[in-house]
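Comments concern the structure below.
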Amino acid sequence: MLTTDARSLSPLAKEALRKRAVQAYLAGGLTQVQVAAAFGVHRSALTNWLAAYRRHGETALDARPKGPAKGTRTLLTPKQAAKIRQLIIGKCPEQLKLPFFLWSREAVQELILRKCGVVVSINTAGNYLRAWGFTVQKPVRRAYEQNAAAVQRWLAEEYPALVKRAKAEKAVIYWGDEMGVRSDDQVGRSYGLRGQTPVIPGTGQRFGCNMISAITNLGHLSFQVFEGTFKVKVFLGFLTRLIKQAKRKVVLIVDGHPVHRAKLVQAWRAEHQDELELIYLPGYSPELNPDEMLNQDVKTSALRQRRPKNVRQLKADVRSYLFSTQKRPDVVRCFFEERHVQYARADAA
């Protein structure tokens with residue numbers, strides 16, 4: 001059956017086609033399939049016209065002007081566009097009392113309606129986002145408890161002052177952190193037939209180990225892999241080894257983990273203040289620590305080659321990967337290239 005491409009017809013011609021087809025069917029004697037074939041349209045189109053006619057009468061088949069409904073606009077003025085863009089950059093949807101958690105096209109569509117009174121389609125909202133330089137990205141999780149003023153003070157004042165003092169004392173700045181690795185961590189990807197998810201065999205047992213590490217922006221890496229809970233004894237043992245390996249005063253920057261602030265650790269610091277200084281990052285700010293990049297690298301790479309069958313094999317795999325990374329200062333230096341930690345690329349190390 002040859003069908004008519006209605007897009008090539010004028011609005012009045014479309015109106016006449018709809019009304020003639022509906023009247024031909026209502027006259028009786030022909031099925032919808034036969035009427036559709038006679039007028040060169042799809043049966044589904046005729047079905048829709050008949051439904052509209054039965055709900056609203058013949059006026060439902062009238063031609064309508066193209067474009068948005070009266071009283072609406074489809075384009076933002078440059079001033080409105082700048083306003084919406086700045087709101088998206090500076091705030092989350094929840095802060096603007098929008099019923100969305102992330103900035104999606106639907107969220108932007110609603111924001112434009114509320115702030116500018118302009119009705120836009122989902123596609124138009126997406127076009128605006130692309131024109132404003134936005135791309136779809138995985139967001140960085142940031143705690144509500146983070147103190148923005150403290151972070152800014154760290155970046156603008158405290159850390160630059162620390163760098164200056166470390167240079168004067170000929171000390172080396174390390175960034176430290178701890179993390180756990182589990183046997184059931186799913187990392188990496190595998191090719192498989194379309195629609196058939198690859199199945200990777202592995203033990204059903206769950207086991208894990210922990211690691212503590214410290215890095216410098218010159219590519220030095222110190223680490224320790226251990227079982228059990230991260231406690232004061234483990235931390236002090238690592239600090240003792242770090243001092244011996246550095247062979248000069250160490251300035252170690254860590255987060256506010258309870259072990260880092262324990263009374264025994266503070267007493268140890270007082271006894272070794274000429275050898276090691278412990279500095280704390282602003283609270284709830286892991287994105288400021290370059291050692292977090294090492295943690296991510298270990299989780300995504302150390303278990304990629306094989307699945308460990310027991311905790312001994314898991315520890316061996318993690319140690320092996322860390323030893324290989326330790327021998328590649330260029331890889332460690334790359335951890336300081338991530339956007340949030342670039343401020344630490346040049347310091348006293």
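By convention in this document, the chains of the structure tokens carry letters A, B, ... by their order, each chain's residues are numbered from 1, and ligands are numbered from 1 in the order they are shown.
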
Can you check which residues of range 171-314 of chain A DSSP gives as strand (DSSP E) on the backbone and send them as a PyMOL selection string?
chain A and resi 172-182+208-215+221-226+250-254+276-280

Looking only at alpha helix (DSSP H) from DSSP on the backbone, list the matching residues of range 27-70 of chain A as a list in words.
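Going through range 27-70 of chain A, the alpha helix (DSSP H) residues come out as Gln32, Val33, Gln34, Val35, Ala36, Ala37, Ala38, Phe39, Arg43, Ser44, Ala45, Leu46, Thr47, Asn48, Trp49, Leu50, Ala51, Ala52, Tyr53, Arg54, Arg55 and His56 of chain A.
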
Grab the CA of Ile279 in chain A to CA of Arg261 in chain A distance for me, in Å with one decimal place.
10.4 Å

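Closest approach to Ala267 in chain A among A:Ala16, A:Asn295, A:Tyr284, A:Val232: A:Val232, based on only C-alpha atoms.
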
By how many Å are CA of Val318 in chain A and CA of Phe207 in chain A apart?
13.5 Å

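Proximity of A:Ala166, A:Val22, A:Ile215, A:Ala131 to Pro329 in chain A, computed with only C-alpha atoms, is greatest for A:Ile215.
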
Non-local contacts of Cys209 in chain A (12 Å; only C-alpha atoms; under 6 positions in same chain excluded) as a short mmCIF file (atom, residue, chain, number, x, y, z; two decimals) with C-alpha atoms, in the first residue's frame:
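Output (part_2.cif):
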```cif
data_model
loop_
_atom_site.label_atom_id
_atom_site.label_comp_id
_atom_site.auth_asym_id
_atom_site.auth_seq_id
_atom_site.Cartn_x
_atom_site.Cartn_y
_atom_site.Cartn_z
CA GLU A 178 43.79 3.44 54.45
CA MET A 179 41.28 1.21 52.69
CA GLY A 180 39.92 -2.34 52.60
CA VAL A 181 39.93 -4.78 49.69
CA ARG A 182 37.34 -7.56 49.48
CA SER A 183 37.26 -10.79 47.54
CA ASP A 184 33.82 -10.00 46.12
CA ASP A 185 34.73 -6.56 44.76
CA GLN A 224 51.62 -1.98 54.33
CA VAL A 225 49.07 -4.76 53.72
CA PHE A 226 47.52 -6.35 56.78
CA GLU A 227 44.57 -8.38 58.06
CA GLY A 228 42.22 -7.32 60.79
CA THR A 229 40.99 -3.92 61.92
CA PHE A 230 42.99 -0.75 61.45
CA LYS A 299 40.75 -1.63 43.59
CA PRO A 308 41.78 -14.76 44.65
CA ASN A 310 41.69 -17.15 49.82
CA VAL A 311 42.93 -14.24 51.92
CA ARG A 312 46.57 -15.26 51.51
CA GLN A 313 46.26 -15.03 47.73
CA LEU A 314 44.36 -11.74 48.00
CA LYS A 315 47.11 -10.16 50.12
CA ALA A 316 49.74 -11.47 47.73
CA ASP A 317 47.96 -9.94 44.73
CA VAL A 318 47.60 -6.55 46.43
CA ARG A 319 51.25 -6.56 47.58
#
```
